[in-house]
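K.L.:
My structure is below; once you've seen it, I'll send some questions.
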Amino acid sequence: MEPTILVTRHAGWVEIALNRPDRLNSFTGEMHRALAAALAEAGADEGVRAVLLTGSGRGFCAGQDLSDPETSGENPDLGLAIDKYYNPLIRRLRGLEKPVVCAVNGVAAGAGANIAFACDIVLAARSAKFIQAFAKIGLVPDSGGTFTLPRLVGDARARGLMMLGEPVSAEKAADWGMIWKVVDDASLMGEARALVAHLATQPTRGLALLKKALEGSVTNDLDAQLDLERDLQREAGRTPDYAEGVAAFMEKRAPNFTGRTS
Ligand code: T3D
């Protein structure tokens, strides 16, 4: 049987592809477990300094596989699947101490859309679309969607998208600030790979601290956020990459960041 997740190691970064193309890469328990393992490995490997997440075939991800016996059937407890799989996945993506780029190569529906929004930088193929499909089947948006989407697009648009479940084109998603950029279909993977390869050469610890700062800003008031910035800056200032960044600037040369913490 085909693996549900494909992992390709590159110099300094890793590409992870959801790989159930005939089901638009919708999630089964098995795919969740394989993705969790791939992300944990990427997180633990110091040689991996950036991650690219994408999908195989014509879709990015259609959310939960609605026929998966693990979560379908009479009177299912969907909270169990959220607890076991989706919530840890979103926490893992947000907490990964390296940048995660998502290349949305086709439709991203249900949890598939919200998983993309949990990544740091989202590129989408021009033909891709985003669908908050949950309400269409009587469910509540999950995978952090009710948290992320209103912050990305504002309450009015988030409510409309979630209550109506209408598809949003990649162009509109970019216009509305849901994603970083829309790219021609043929250029998507080339551009996404170049971006991740670039991020893999950047000050990895500094980028991890930047992620922490943005995470903190969601709940902190200004005072707490200022204190957090101070603490994170203190740590960033002690990294070899800061010393290298300043030296390179002074010497008018390109920096050679290692991503090391000390
Ligand atoms: O349940 C829990 O554990 C709780 C967690 C829930 C999280 C969620 O994500 S809930 C939301 C689940 N997702 C959906 O409701 C989306 C369902 N899919 C669609 O609405 C459409 O497939 C799309 C709009 C995404 C794409 O439409 P289209 O016309 O491009 O493709 P298609 O023909 O509908 O799909 C292609 C095949 O993939 C098709 O199979 P077939 O007919 O060729 O054998 C279709 O059944 C299958 N497929 C698509 N999405 C799913 C799926 N099979 C299982 N589960 C899916 N989610």
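Residue names in the structure tokens use chain letters A, B, ... in the order shown, residue numbers from 1 in each chain, and ligand numbers from 1 in the order shown.
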Once you count only C-alpha atoms and all ligand atoms, which residues end up within 6 Å of ligand 1, and could you hand them over as a list in words?

P.N.:
Asp22, Arg23, Leu24, Ser26, Ala62, Gly63, Gln64, Asp65, Leu66, Ser67, Thr71, Leu78, Ala81, Val107, Ala109, Gly110, Ala111, Ala133 and Phe134 of chain A

K.L.:
Output all heavy atoms of each residue in that selection to a file, as a compact mmCIF listing (two decimals), in the first residue's frame.

P.N.:
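again27.txt, freshly written:
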# COMPACT_ATOMS: atom_id res chain seq x y z
N ASP A 22 -6.47 9.96 -4.21
CA ASP A 22 -7.80 9.58 -4.70
C ASP A 22 -8.90 9.97 -3.71
O ASP A 22 -10.08 9.93 -4.05
CB ASP A 22 -7.85 8.07 -5.03
CG ASP A 22 -7.47 7.21 -3.84
OD1 ASP A 22 -6.77 7.74 -2.94
OD2 ASP A 22 -7.87 6.03 -3.79
N ARG A 23 -8.53 10.35 -2.51
CA ARG A 23 -9.50 10.86 -1.52
C ARG A 23 -9.18 12.32 -1.18
O ARG A 23 -9.49 12.79 -0.08
CB ARG A 23 -9.44 10.01 -0.24
CG ARG A 23 -10.10 8.66 -0.40
CD ARG A 23 -11.64 8.81 -0.33
NE ARG A 23 -12.36 7.67 -0.83
CZ ARG A 23 -12.71 7.46 -2.11
NH1 ARG A 23 -12.35 8.30 -3.05
NH2 ARG A 23 -13.42 6.42 -2.47
N LEU A 24 -8.55 13.01 -2.13
CA LEU A 24 -8.15 14.41 -1.96
C LEU A 24 -7.40 14.62 -0.64
O LEU A 24 -7.58 15.62 0.05
CB LEU A 24 -9.37 15.34 -2.05
CG LEU A 24 -10.11 15.34 -3.40
CD1 LEU A 24 -11.31 16.29 -3.36
CD2 LEU A 24 -9.18 15.71 -4.53
N SER A 26 -7.71 13.44 2.23
CA SER A 26 -8.46 13.57 3.48
C SER A 26 -7.82 12.67 4.54
O SER A 26 -7.17 11.67 4.22
CB SER A 26 -9.94 13.23 3.26
OG SER A 26 -10.07 11.95 2.68
N ALA A 62 -8.90 17.46 1.89
CA ALA A 62 -10.36 17.63 2.04
C ALA A 62 -10.80 17.40 3.48
O ALA A 62 -11.94 17.03 3.74
CB ALA A 62 -11.10 16.69 1.09
N GLY A 63 -9.88 17.62 4.44
CA GLY A 63 -10.25 17.50 5.86
C GLY A 63 -10.36 16.05 6.27
O GLY A 63 -9.63 15.18 5.77
N GLN A 64 -11.26 15.79 7.18
CA GLN A 64 -11.43 14.43 7.70
C GLN A 64 -11.98 13.51 6.61
O GLN A 64 -12.89 13.90 5.87
CB GLN A 64 -12.41 14.48 8.88
CG GLN A 64 -12.86 13.13 9.39
CD GLN A 64 -11.71 12.32 9.98
OE1 GLN A 64 -10.73 12.87 10.46
NE2 GLN A 64 -11.81 11.01 9.93
N ASP A 65 -11.44 12.30 6.50
CA ASP A 65 -12.05 11.29 5.62
C ASP A 65 -13.36 10.86 6.26
O ASP A 65 -13.36 10.22 7.32
CB ASP A 65 -11.11 10.09 5.44
CG ASP A 65 -11.68 9.07 4.47
OD1 ASP A 65 -12.92 8.87 4.45
OD2 ASP A 65 -10.90 8.47 3.72
N LEU A 66 -14.45 11.23 5.60
CA LEU A 66 -15.77 11.01 6.21
C LEU A 66 -16.16 9.54 6.24
O LEU A 66 -17.17 9.19 6.84
CB LEU A 66 -16.81 11.87 5.48
CG LEU A 66 -16.55 13.38 5.57
CD1 LEU A 66 -17.49 14.16 4.65
CD2 LEU A 66 -16.67 13.89 7.01
N SER A 67 -15.36 8.69 5.58
CA SER A 67 -15.68 7.26 5.61
C SER A 67 -14.74 6.48 6.52
O SER A 67 -14.82 5.25 6.58
CB SER A 67 -15.62 6.69 4.19
OG SER A 67 -14.29 6.78 3.71
N THR A 71 -13.76 7.17 12.87
CA THR A 71 -14.58 8.30 13.36
C THR A 71 -15.98 8.34 12.77
O THR A 71 -16.74 9.26 13.06
CB THR A 71 -13.89 9.65 13.03
OG1 THR A 71 -13.49 9.63 11.67
CG2 THR A 71 -12.71 9.92 13.92
N LEU A 78 -16.78 12.60 18.13
CA LEU A 78 -15.77 13.27 17.30
C LEU A 78 -14.76 14.04 18.15
O LEU A 78 -13.66 14.34 17.71
CB LEU A 78 -16.44 14.21 16.29
CG LEU A 78 -17.40 13.53 15.30
CD1 LEU A 78 -17.86 14.53 14.24
CD2 LEU A 78 -16.76 12.33 14.63
N ALA A 81 -11.47 12.28 18.27
CA ALA A 81 -10.55 12.47 17.13
C ALA A 81 -9.88 13.84 17.19
O ALA A 81 -8.71 13.99 16.84
CB ALA A 81 -11.32 12.32 15.81
N VAL A 107 -7.74 22.03 -3.83
CA VAL A 107 -8.76 22.36 -2.82
C VAL A 107 -8.27 22.05 -1.39
O VAL A 107 -7.61 21.05 -1.14
CB VAL A 107 -10.08 21.62 -3.15
CG1 VAL A 107 -9.92 20.11 -3.01
CG2 VAL A 107 -11.22 22.13 -2.30
N ALA A 109 -10.26 21.87 2.11
CA ALA A 109 -11.61 21.93 2.66
C ALA A 109 -11.63 21.43 4.10
O ALA A 109 -10.81 20.59 4.49
CB ALA A 109 -12.56 21.08 1.81
N GLY A 110 -12.57 21.95 4.89
CA GLY A 110 -12.71 21.53 6.28
C GLY A 110 -11.40 21.72 7.03
O GLY A 110 -10.73 22.76 6.91
N ALA A 111 -11.02 20.69 7.78
CA ALA A 111 -9.77 20.78 8.54
C ALA A 111 -8.59 21.05 7.61
O ALA A 111 -7.59 21.65 8.02
CB ALA A 111 -9.54 19.49 9.32
N ALA A 133 -15.94 23.72 5.06
CA ALA A 133 -17.00 22.78 4.68
C ALA A 133 -17.83 22.27 5.87
O ALA A 133 -18.86 21.61 5.67
CB ALA A 133 -16.36 21.58 3.98
N PHE A 134 -17.42 22.58 7.06
CA PHE A 134 -18.00 21.96 8.26
C PHE A 134 -19.53 22.10 8.37
O PHE A 134 -20.24 21.13 8.60
CB PHE A 134 -17.36 22.53 9.53
CG PHE A 134 -15.86 22.49 9.53
CD1 PHE A 134 -15.12 23.54 9.00
CD2 PHE A 134 -15.18 21.40 10.07
CE1 PHE A 134 -13.74 23.51 9.01
CE2 PHE A 134 -13.79 21.37 10.08
CZ PHE A 134 -13.06 22.42 9.54

K.L.:
Could you pull out all residues of stretch 108-164 of chain A with a DSSP call of alpha helix (DSSP H) and give them as a list in words?

P.N.:
Ala111, Gly112, Ala113, Asn114, Ile115, Ala116, Phe117, Gly145, Thr146, Phe147, Thr148, Leu149, Pro150, Arg151, Leu152, Val153, Asp155, Ala156, Arg157, Ala158, Arg159, Gly160, Leu161, Met162, Met163 and Leu164 of chain A

K.L.:
What are the closest atom pairs, with distances in Å to one decimal, for each residue of stretch 13-34 of chain A lying within 10 Å of stretch 183-205 of chain A, using only C-alpha atoms, rows by chain and rising residue number, as a tab-separated table?

P.N.:
residue	atom	partner	partner_atom	distance
A:Trp13	CA	A:Ala200	CA	6.1
A:Val14	CA	A:Val196	CA	8.7
A:Glu15	CA	A:Arg193	CA	8.3

K.L.:
Convert the current residue selection to file output with C-alpha atoms, as a compact mmCIF listing (two decimals), in the first residue's frame.

P.N.:
# COMPACT_ATOMS: atom_id res chain seq x y z
CA TRP A 13 14.79 21.26 4.84
CA VAL A 14 12.15 18.62 4.43
CA GLU A 15 9.10 18.33 2.18

K.L.:
Pick out the residues sitting within 12 Å of A:Arg234, and hand them over as a ChimeraX atom specification; count only C-alpha atoms, and ignore anything fewer than 6 positions along from it in its own chain.

P.N.:
/A:206,209,227-228,242

K.L.:
Could you pull out all residues of stretch 43-120 of chain A with a DSSP call of strand (DSSP E) and give them as a list in words?

P.N.:
Ala50, Val51, Leu52, Leu53, Thr54, Gly55, Gly59, Phe60, Cys61, Val100, Val101, Cys102, Ala103, Val104, Val107, Ala108 and Ala109 of chain A

K.L.:
Please report, as JSON lines, each residue of stretch 105-147 of chain A lying at most 8 Å from stretch 84-97 of chain A, together with the nearest pair of atoms and the separation in Å rounded to one decimal; use only C-alpha atoms, and order rows by chain and ascending residue number.

P.N.:
{"residue": "A:Ile115", "atom": "CA", "partner": "A:Ile90", "partner_atom": "CA", "distance": 6.7}
{"residue": "A:Ala118", "atom": "CA", "partner": "A:Arg94", "partner_atom": "CA", "distance": 6.3}
{"residue": "A:Cys119", "atom": "CA", "partner": "A:Leu93", "partner_atom": "CA", "distance": 6.2}
{"residue": "A:Asp120", "atom": "CA", "partner": "A:Arg94", "partner_atom": "CA", "distance": 7.8}
{"residue": "A:Asp142", "atom": "CA", "partner": "A:Tyr86", "partner_atom": "CA", "distance": 8.0}
{"residue": "A:Ser143", "atom": "CA", "partner": "A:Tyr86", "partner_atom": "CA", "distance": 5.7}
{"residue": "A:Gly144", "atom": "CA", "partner": "A:Ile90", "partner_atom": "CA", "distance": 7.0}

K.L.:
Which residue out of A:Glu41, A:Glu46, A:Arg159, A:Asn105 has the minimum interatomic distance to A:Arg58 when only C-alpha atoms are used?

P.N.:
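With only C-alpha atoms as the atom set, the closest residue is A:Asn105.
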